[in-house]
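Colleague: Sharing work.txt, compact mmCIF, N, CA and C atoms:
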# COMPACT_ATOMS: atom_id res chain seq x y z
N MET H 1 -6.81 16.62 -2.89
CA MET H 1 -6.54 16.47 -1.47
C MET H 1 -5.02 16.41 -1.28
N THR H 2 -4.53 17.18 -0.34
CA THR H 2 -3.08 17.21 -0.09
C THR H 2 -2.67 16.01 0.75
N PRO H 3 -1.38 15.68 0.76
CA PRO H 3 -0.92 14.59 1.63
C PRO H 3 -1.27 14.84 3.09
N PHE H 4 -1.20 16.09 3.51
CA PHE H 4 -1.50 16.41 4.92
C PHE H 4 -2.98 16.16 5.24
N GLU H 5 -3.86 16.47 4.29
CA GLU H 5 -5.29 16.21 4.50
C GLU H 5 -5.56 14.71 4.56
N ILE H 6 -4.92 13.96 3.69
CA ILE H 6 -5.09 12.51 3.69
C ILE H 6 -4.61 11.92 5.02
N ILE H 7 -3.44 12.35 5.45
CA ILE H 7 -2.88 11.85 6.72
C ILE H 7 -3.78 12.22 7.89
N ALA H 8 -4.31 13.44 7.89
CA ALA H 8 -5.21 13.86 8.96
C ALA H 8 -6.45 12.97 9.01
N LYS H 9 -7.00 12.64 7.83
CA LYS H 9 -8.18 11.76 7.78
C LYS H 9 -7.84 10.35 8.27
N LEU H 10 -6.67 9.84 7.86
CA LEU H 10 -6.25 8.52 8.34
C LEU H 10 -6.06 8.52 9.85
N ASN H 11 -5.43 9.57 10.37
CA ASN H 11 -5.24 9.68 11.83
C ASN H 11 -6.57 9.74 12.55
N ALA H 12 -7.50 10.56 12.03
CA ALA H 12 -8.82 10.70 12.67
C ALA H 12 -9.57 9.37 12.69
N ALA H 13 -9.38 8.58 11.63
CA ALA H 13 -10.04 7.27 11.55
C ALA H 13 -9.25 6.18 12.24
N LYS H 14 -8.09 6.53 12.80
CA LYS H 14 -7.20 5.57 13.47
C LYS H 14 -6.81 4.43 12.53
N ILE H 15 -6.48 4.79 11.28
CA ILE H 15 -6.04 3.82 10.29
C ILE H 15 -4.51 3.86 10.24
N PHE H 16 -3.89 2.71 10.48
CA PHE H 16 -2.44 2.61 10.45
C PHE H 16 -1.94 2.95 9.06
N HIS H 17 -0.86 3.74 8.99
CA HIS H 17 -0.29 4.10 7.70
C HIS H 17 1.19 4.43 7.84
N THR H 18 1.87 4.32 6.72
CA THR H 18 3.27 4.72 6.63
C THR H 18 3.41 5.62 5.40
N ILE H 19 4.46 6.42 5.40
CA ILE H 19 4.70 7.33 4.29
C ILE H 19 6.11 7.06 3.76
N THR H 20 6.19 6.81 2.47
CA THR H 20 7.47 6.57 1.82
C THR H 20 7.45 7.25 0.46
N SER H 21 8.49 7.04 -0.30
CA SER H 21 8.54 7.54 -1.66
C SER H 21 9.23 6.49 -2.52
N VAL H 22 8.55 6.04 -3.57
CA VAL H 22 9.14 5.04 -4.46
C VAL H 22 9.30 5.57 -5.88
N ARG H 23 8.67 6.72 -6.15
CA ARG H 23 8.80 7.36 -7.47
C ARG H 23 9.17 8.82 -7.25
N GLU H 24 10.04 9.32 -8.09
CA GLU H 24 10.45 10.71 -7.99
C GLU H 24 9.23 11.62 -8.16
N GLY H 25 9.13 12.60 -7.29
CA GLY H 25 8.03 13.56 -7.38
C GLY H 25 6.72 13.08 -6.80
N ALA H 26 6.78 12.02 -5.99
CA ALA H 26 5.54 11.49 -5.41
C ALA H 26 5.80 10.94 -4.01
N LEU H 27 4.77 11.05 -3.17
CA LEU H 27 4.78 10.42 -1.85
C LEU H 27 3.83 9.23 -1.91
N LEU H 28 4.21 8.16 -1.23
CA LEU H 28 3.36 6.98 -1.16
C LEU H 28 2.87 6.84 0.27
N ILE H 29 1.56 6.88 0.44
CA ILE H 29 0.94 6.64 1.74
C ILE H 29 0.35 5.24 1.68
N ASP H 30 0.88 4.36 2.50
CA ASP H 30 0.43 2.96 2.54
C ASP H 30 -0.44 2.82 3.78
N ALA H 31 -1.73 2.54 3.58
CA ALA H 31 -2.68 2.43 4.69
C ALA H 31 -3.20 1.00 4.79
N ALA H 32 -3.43 0.55 6.01
CA ALA H 32 -3.88 -0.83 6.21
C ALA H 32 -5.07 -0.89 7.14
N ILE H 33 -6.11 -1.59 6.69
CA ILE H 33 -7.26 -1.90 7.52
C ILE H 33 -7.43 -3.42 7.45
N PRO H 34 -8.17 -4.02 8.36
CA PRO H 34 -8.30 -5.48 8.31
C PRO H 34 -8.82 -5.96 6.95
N GLY H 35 -8.04 -6.83 6.33
CA GLY H 35 -8.43 -7.44 5.07
C GLY H 35 -8.19 -6.59 3.84
N GLU H 36 -7.60 -5.41 4.02
CA GLU H 36 -7.41 -4.53 2.88
C GLU H 36 -6.20 -3.63 3.10
N ARG H 37 -5.55 -3.28 1.99
CA ARG H 37 -4.43 -2.34 2.04
C ARG H 37 -4.60 -1.36 0.91
N TRP H 38 -4.27 -0.09 1.17
CA TRP H 38 -4.39 0.96 0.15
C TRP H 38 -3.02 1.56 -0.10
N GLU H 39 -2.69 1.76 -1.36
CA GLU H 39 -1.50 2.52 -1.74
C GLU H 39 -2.00 3.82 -2.36
N ILE H 40 -1.76 4.92 -1.67
CA ILE H 40 -2.22 6.24 -2.11
C ILE H 40 -0.97 7.02 -2.50
N GLU H 41 -0.83 7.26 -3.79
CA GLU H 41 0.35 8.00 -4.25
C GLU H 41 -0.09 9.42 -4.60
N VAL H 42 0.61 10.41 -4.00
CA VAL H 42 0.30 11.82 -4.20
C VAL H 42 1.47 12.45 -4.94
N PHE H 43 1.19 13.02 -6.10
CA PHE H 43 2.23 13.59 -6.94
C PHE H 43 2.37 15.10 -6.69
N GLU H 44 3.50 15.64 -7.07
CA GLU H 44 3.78 17.07 -6.88
C GLU H 44 2.70 17.96 -7.49
N ASP H 45 2.13 17.53 -8.60
CA ASP H 45 1.11 18.34 -9.27
C ASP H 45 -0.28 18.17 -8.65
N GLY H 46 -0.37 17.39 -7.54
CA GLY H 46 -1.65 17.20 -6.85
C GLY H 46 -2.44 15.99 -7.30
N ARG H 47 -1.99 15.33 -8.37
CA ARG H 47 -2.66 14.14 -8.87
C ARG H 47 -2.55 13.00 -7.86
N LEU H 48 -3.60 12.18 -7.76
CA LEU H 48 -3.61 11.01 -6.89
C LEU H 48 -3.74 9.74 -7.72
N GLU H 49 -3.05 8.70 -7.29
CA GLU H 49 -3.25 7.35 -7.82
C GLU H 49 -3.47 6.45 -6.62
N ILE H 50 -4.53 5.66 -6.67
CA ILE H 50 -4.88 4.81 -5.53
C ILE H 50 -5.07 3.38 -6.02
N GLU H 51 -4.37 2.46 -5.35
CA GLU H 51 -4.56 1.04 -5.60
C GLU H 51 -5.06 0.40 -4.32
N ARG H 52 -6.05 -0.48 -4.46
CA ARG H 52 -6.60 -1.20 -3.31
C ARG H 52 -6.32 -2.69 -3.48
N TYR H 53 -5.84 -3.28 -2.42
CA TYR H 53 -5.57 -4.71 -2.40
C TYR H 53 -6.46 -5.33 -1.34
N ARG H 54 -7.28 -6.28 -1.74
CA ARG H 54 -8.22 -6.91 -0.81
C ARG H 54 -7.87 -8.37 -0.60
N SER H 55 -8.03 -8.78 0.64
CA SER H 55 -7.79 -10.18 1.00
C SER H 55 -8.96 -11.04 0.55
N THR H 56 -8.66 -12.25 0.17
CA THR H 56 -9.71 -13.21 -0.16
C THR H 56 -10.27 -13.86 1.11
N GLY H 57 -9.58 -13.62 2.23
CA GLY H 57 -10.00 -14.24 3.47
C GLY H 57 -9.39 -15.62 3.68
N GLU H 58 -8.69 -16.09 2.66
CA GLU H 58 -8.06 -17.41 2.75
C GLU H 58 -6.82 -17.31 3.62
N ILE H 59 -6.70 -18.22 4.56
CA ILE H 59 -5.55 -18.27 5.46
C ILE H 59 -4.67 -19.45 5.06
N ALA H 60 -3.38 -19.17 4.90
CA ALA H 60 -2.45 -20.22 4.49
C ALA H 60 -1.49 -20.54 5.64
N ASP H 61 -0.80 -21.65 5.50
CA ASP H 61 0.20 -22.01 6.50
C ASP H 61 1.59 -21.64 5.98
N GLU H 62 2.62 -22.10 6.67
CA GLU H 62 3.99 -21.74 6.34
C GLU H 62 4.40 -22.16 4.93
N SER H 63 3.79 -23.20 4.41
CA SER H 63 4.16 -23.66 3.06
C SER H 63 3.90 -22.58 2.02
N ALA H 64 2.92 -21.72 2.24
CA ALA H 64 2.64 -20.63 1.30
C ALA H 64 3.81 -19.65 1.25
N LEU H 65 4.44 -19.39 2.38
CA LEU H 65 5.58 -18.49 2.41
C LEU H 65 6.74 -19.07 1.61
N ILE H 66 6.96 -20.35 1.75
CA ILE H 66 8.01 -21.02 0.98
C ILE H 66 7.70 -20.91 -0.51
N ASP H 67 6.45 -21.14 -0.89
CA ASP H 67 6.04 -21.03 -2.29
C ASP H 67 6.26 -19.61 -2.82
N LEU H 68 5.93 -18.61 -2.01
CA LEU H 68 6.10 -17.22 -2.44
C LEU H 68 7.57 -16.91 -2.70
N PHE H 69 8.44 -17.32 -1.80
CA PHE H 69 9.87 -17.07 -2.01
C PHE H 69 10.39 -17.80 -3.23
N GLU H 70 9.97 -19.03 -3.42
CA GLU H 70 10.40 -19.79 -4.59
C GLU H 70 9.90 -19.16 -5.89
N SER H 71 8.68 -18.70 -5.90
CA SER H 71 8.12 -18.05 -7.09
C SER H 71 8.86 -16.76 -7.41
N PHE H 72 9.17 -15.98 -6.41
CA PHE H 72 9.85 -14.71 -6.62
C PHE H 72 11.27 -14.92 -7.10
N SER H 73 11.97 -15.87 -6.51
CA SER H 73 13.38 -16.08 -6.86
C SER H 73 13.52 -16.60 -8.30
N ASP H 74 12.48 -17.23 -8.84
CA ASP H 74 12.53 -17.71 -10.22
C ASP H 74 12.44 -16.57 -11.23
N HIS H 75 11.95 -15.41 -10.82
CA HIS H 75 11.72 -14.30 -11.75
C HIS H 75 12.77 -13.22 -11.65
N GLN H 76 13.84 -13.45 -10.96
CA GLN H 76 14.87 -12.42 -10.83
C GLN H 76 15.88 -12.51 -11.94
Mind turning this structure into structure tokens?

Modeller:
Amino acid sequence: MTPFEIIAKLNAAKIFHTITSVREGALLIDAAIPGERWEIEVFEDGRLEIERYRSTGEIADESALIDLFESFSDHQ
């Protein structure tokens, strides 16, 4: 499936998405639906890599954001 076909399907389904590039020779289509996010990477040779991230449904407060920043800054 080409990037244009994927984008057309996302548009038809009214799924929010963005297009970026984080690896040479590949486009990254980031799509979001409630409770889930997809990273669809399309390579020049037509190969696809797809990662799905699903929410646990757990809702956190502001303290979780502080924890996330502290955890990330410790690993730099």

Colleague: Can you measure atom CA of Leu68 of chain H to atom CA of Thr56 of chain H for me? One decimal in Å is fine.

Modeller: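 Computing it gives 16.5 Å between the two atoms.
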
Colleague: Can you work out which one of H:Leu48, H:Ala60, H:Met1, H:Ala32 has the shortest atom-to-atom distance to Phe16 of chain H, counting only C-alpha atoms?

Modeller: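 Among H:Leu48, H:Ala60, H:Met1, H:Ala32, it is H:Ala32 that comes nearest to Phe16 of chain H.
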
Colleague: Report, in Å to a single decimal, how far apart atom CA of Gly35 of chain H and atom C of Ala64 of chain H are.

Modeller: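 Taking atom C of Ala64 of chain H and atom CA of Gly35 of chain H, their separation equals 17.7 Å.
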
Colleague: Suppose you want the space between atom C of Phe4 of chain H and atom N of Ile33 of chain H; what is it in Å?

Modeller: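 Computing the Euclidean distance for atom C of Phe4 of chain H and atom N of Ile33 of chain H yields 18.1 Å.
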
Colleague: Return as number ranges by chain the full set of residues in chain H whose backbone-based DSSP assignment is alpha helix (DSSP H).

Modeller: H: 3-12, 62-74

Colleague: Go ahead and save the picked residues with N, CA and C atoms, as a short mmCIF file (atom, residue, chain, number, x, y, z; two decimals), keeping the file's coordinate frame.

Modeller:
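Writing the result to selection-v9.cif gives the following:
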data_model
loop_
_atom_site.label_atom_id
_atom_site.label_comp_id
_atom_site.auth_asym_id
_atom_site.auth_seq_id
_atom_site.Cartn_x
_atom_site.Cartn_y
_atom_site.Cartn_z
N PRO H 3 -1.38 15.68 0.76
CA PRO H 3 -0.92 14.59 1.63
C PRO H 3 -1.27 14.84 3.09
N PHE H 4 -1.20 16.09 3.51
CA PHE H 4 -1.50 16.41 4.92
C PHE H 4 -2.98 16.16 5.24
N GLU H 5 -3.86 16.47 4.29
CA GLU H 5 -5.29 16.21 4.50
C GLU H 5 -5.56 14.71 4.56
N ILE H 6 -4.92 13.96 3.69
CA ILE H 6 -5.09 12.51 3.69
C ILE H 6 -4.61 11.92 5.02
N ILE H 7 -3.44 12.35 5.45
CA ILE H 7 -2.88 11.85 6.72
C ILE H 7 -3.78 12.22 7.89
N ALA H 8 -4.31 13.44 7.89
CA ALA H 8 -5.21 13.86 8.96
C ALA H 8 -6.45 12.97 9.01
N LYS H 9 -7.00 12.64 7.83
CA LYS H 9 -8.18 11.76 7.78
C LYS H 9 -7.84 10.35 8.27
N LEU H 10 -6.67 9.84 7.86
CA LEU H 10 -6.25 8.52 8.34
C LEU H 10 -6.06 8.52 9.85
N ASN H 11 -5.43 9.57 10.37
CA ASN H 11 -5.24 9.68 11.83
C ASN H 11 -6.57 9.74 12.55
N ALA H 12 -7.50 10.56 12.03
CA ALA H 12 -8.82 10.70 12.67
C ALA H 12 -9.57 9.37 12.69
N GLU H 62 2.62 -22.10 6.67
CA GLU H 62 3.99 -21.74 6.34
C GLU H 62 4.40 -22.16 4.93
N SER H 63 3.79 -23.20 4.41
CA SER H 63 4.16 -23.66 3.06
C SER H 63 3.90 -22.58 2.02
N ALA H 64 2.92 -21.72 2.24
CA ALA H 64 2.64 -20.63 1.30
C ALA H 64 3.81 -19.65 1.25
N LEU H 65 4.44 -19.39 2.38
CA LEU H 65 5.58 -18.49 2.41
C LEU H 65 6.74 -19.07 1.61
N ILE H 66 6.96 -20.35 1.75
CA ILE H 66 8.01 -21.02 0.98
C ILE H 66 7.70 -20.91 -0.51
N ASP H 67 6.45 -21.14 -0.89
CA ASP H 67 6.04 -21.03 -2.29
C ASP H 67 6.26 -19.61 -2.82
N LEU H 68 5.93 -18.61 -2.01
CA LEU H 68 6.10 -17.22 -2.44
C LEU H 68 7.57 -16.91 -2.70
N PHE H 69 8.44 -17.32 -1.80
CA PHE H 69 9.87 -17.07 -2.01
C PHE H 69 10.39 -17.80 -3.23
N GLU H 70 9.97 -19.03 -3.42
CA GLU H 70 10.40 -19.79 -4.59
C GLU H 70 9.90 -19.16 -5.89
N SER H 71 8.68 -18.70 -5.90
CA SER H 71 8.12 -18.05 -7.09
C SER H 71 8.86 -16.76 -7.41
N PHE H 72 9.17 -15.98 -6.41
CA PHE H 72 9.85 -14.71 -6.62
C PHE H 72 11.27 -14.92 -7.10
N SER H 73 11.97 -15.87 -6.51
CA SER H 73 13.38 -16.08 -6.86
C SER H 73 13.52 -16.60 -8.30
N ASP H 74 12.48 -17.23 -8.84
CA ASP H 74 12.53 -17.71 -10.22
C ASP H 74 12.44 -16.57 -11.23
#

Colleague: Between H:Arg37, H:Phe69, H:Ala31, H:Val42, which one has atoms that come closest to Asn11 of chain H, using only C-alpha atoms?

Modeller: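 That would be H:Ala31, the residue with the smallest distance to Asn11 of chain H.
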
Colleague: Edge lengths and centre in Å to one decimal, as JSON, of the axis-aligned box that encloses all listed atoms of segment 40-48 of chain H with 8 Å added on every side?

Modeller:
{"center_x": 0.0, "center_y": 11.6, "center_z": -5.5, "size_x": 23.5, "size_y": 29.4, "size_z": 23.6}

Colleague: Looking at H:Phe72, H:Ile29, H:Asp45, H:Ser63, which one is nearest to Pro3 of chain H, with distances taken over only C-alpha atoms?

Modeller: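 Of all the options, H:Ile29 lies closest to Pro3 of chain H.
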
Colleague: Write segment 24-39 of chain H as a tab-separated table (two decimals), in the frame of the given file, completed to N, CA, C and O atoms.

Modeller:
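The result, stored in rebuild26.tsv:
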chain	number	residue	atom	x	y	z
H	24	GLU	N	10.04	9.32	-8.09
H	24	GLU	CA	10.45	10.71	-7.99
H	24	GLU	C	9.23	11.62	-8.16
H	24	GLU	O	8.40	11.41	-9.05
H	25	GLY	N	9.13	12.60	-7.29
H	25	GLY	CA	8.03	13.56	-7.38
H	25	GLY	C	6.72	13.08	-6.80
H	25	GLY	O	5.67	13.65	-7.08
H	26	ALA	N	6.78	12.02	-5.99
H	26	ALA	CA	5.54	11.49	-5.41
H	26	ALA	C	5.80	10.94	-4.01
H	26	ALA	O	6.88	10.44	-3.71
H	27	LEU	N	4.77	11.05	-3.17
H	27	LEU	CA	4.78	10.42	-1.85
H	27	LEU	C	3.83	9.23	-1.91
H	27	LEU	O	2.77	9.31	-2.53
H	28	LEU	N	4.21	8.16	-1.23
H	28	LEU	CA	3.36	6.98	-1.16
H	28	LEU	C	2.87	6.84	0.27
H	28	LEU	O	3.67	6.71	1.21
H	29	ILE	N	1.56	6.88	0.44
H	29	ILE	CA	0.94	6.64	1.74
H	29	ILE	C	0.35	5.24	1.68
H	29	ILE	O	-0.53	4.96	0.87
H	30	ASP	N	0.88	4.36	2.50
H	30	ASP	CA	0.43	2.96	2.54
H	30	ASP	C	-0.44	2.82	3.78
H	30	ASP	O	0.04	2.99	4.90
H	31	ALA	N	-1.73	2.54	3.58
H	31	ALA	CA	-2.68	2.43	4.69
H	31	ALA	C	-3.20	1.00	4.79
H	31	ALA	O	-3.38	0.34	3.76
H	32	ALA	N	-3.43	0.55	6.01
H	32	ALA	CA	-3.88	-0.83	6.21
H	32	ALA	C	-5.07	-0.89	7.14
H	32	ALA	O	-5.06	-0.29	8.22
H	33	ILE	N	-6.11	-1.59	6.69
H	33	ILE	CA	-7.26	-1.90	7.52
H	33	ILE	C	-7.43	-3.42	7.45
H	33	ILE	O	-6.86	-4.06	6.56
H	34	PRO	N	-8.17	-4.02	8.36
H	34	PRO	CA	-8.30	-5.48	8.31
H	34	PRO	C	-8.82	-5.96	6.95
H	34	PRO	O	-9.85	-5.49	6.45
H	35	GLY	N	-8.04	-6.83	6.33
H	35	GLY	CA	-8.43	-7.44	5.07
H	35	GLY	C	-8.19	-6.59	3.84
H	35	GLY	O	-8.53	-6.99	2.73
H	36	GLU	N	-7.60	-5.41	4.02
H	36	GLU	CA	-7.41	-4.53	2.88
H	36	GLU	C	-6.20	-3.63	3.10
H	36	GLU	O	-5.87	-3.28	4.23
H	37	ARG	N	-5.55	-3.28	1.99
H	37	ARG	CA	-4.43	-2.34	2.04
H	37	ARG	C	-4.60	-1.36	0.91
H	37	ARG	O	-5.05	-1.71	-0.19
H	38	TRP	N	-4.27	-0.09	1.17
H	38	TRP	CA	-4.39	0.96	0.15
H	38	TRP	C	-3.02	1.56	-0.10
H	38	TRP	O	-2.28	1.86	0.83
H	39	GLU	N	-2.69	1.76	-1.36
H	39	GLU	CA	-1.50	2.52	-1.74
H	39	GLU	C	-2.00	3.82	-2.36
H	39	GLU	O	-2.64	3.81	-3.42
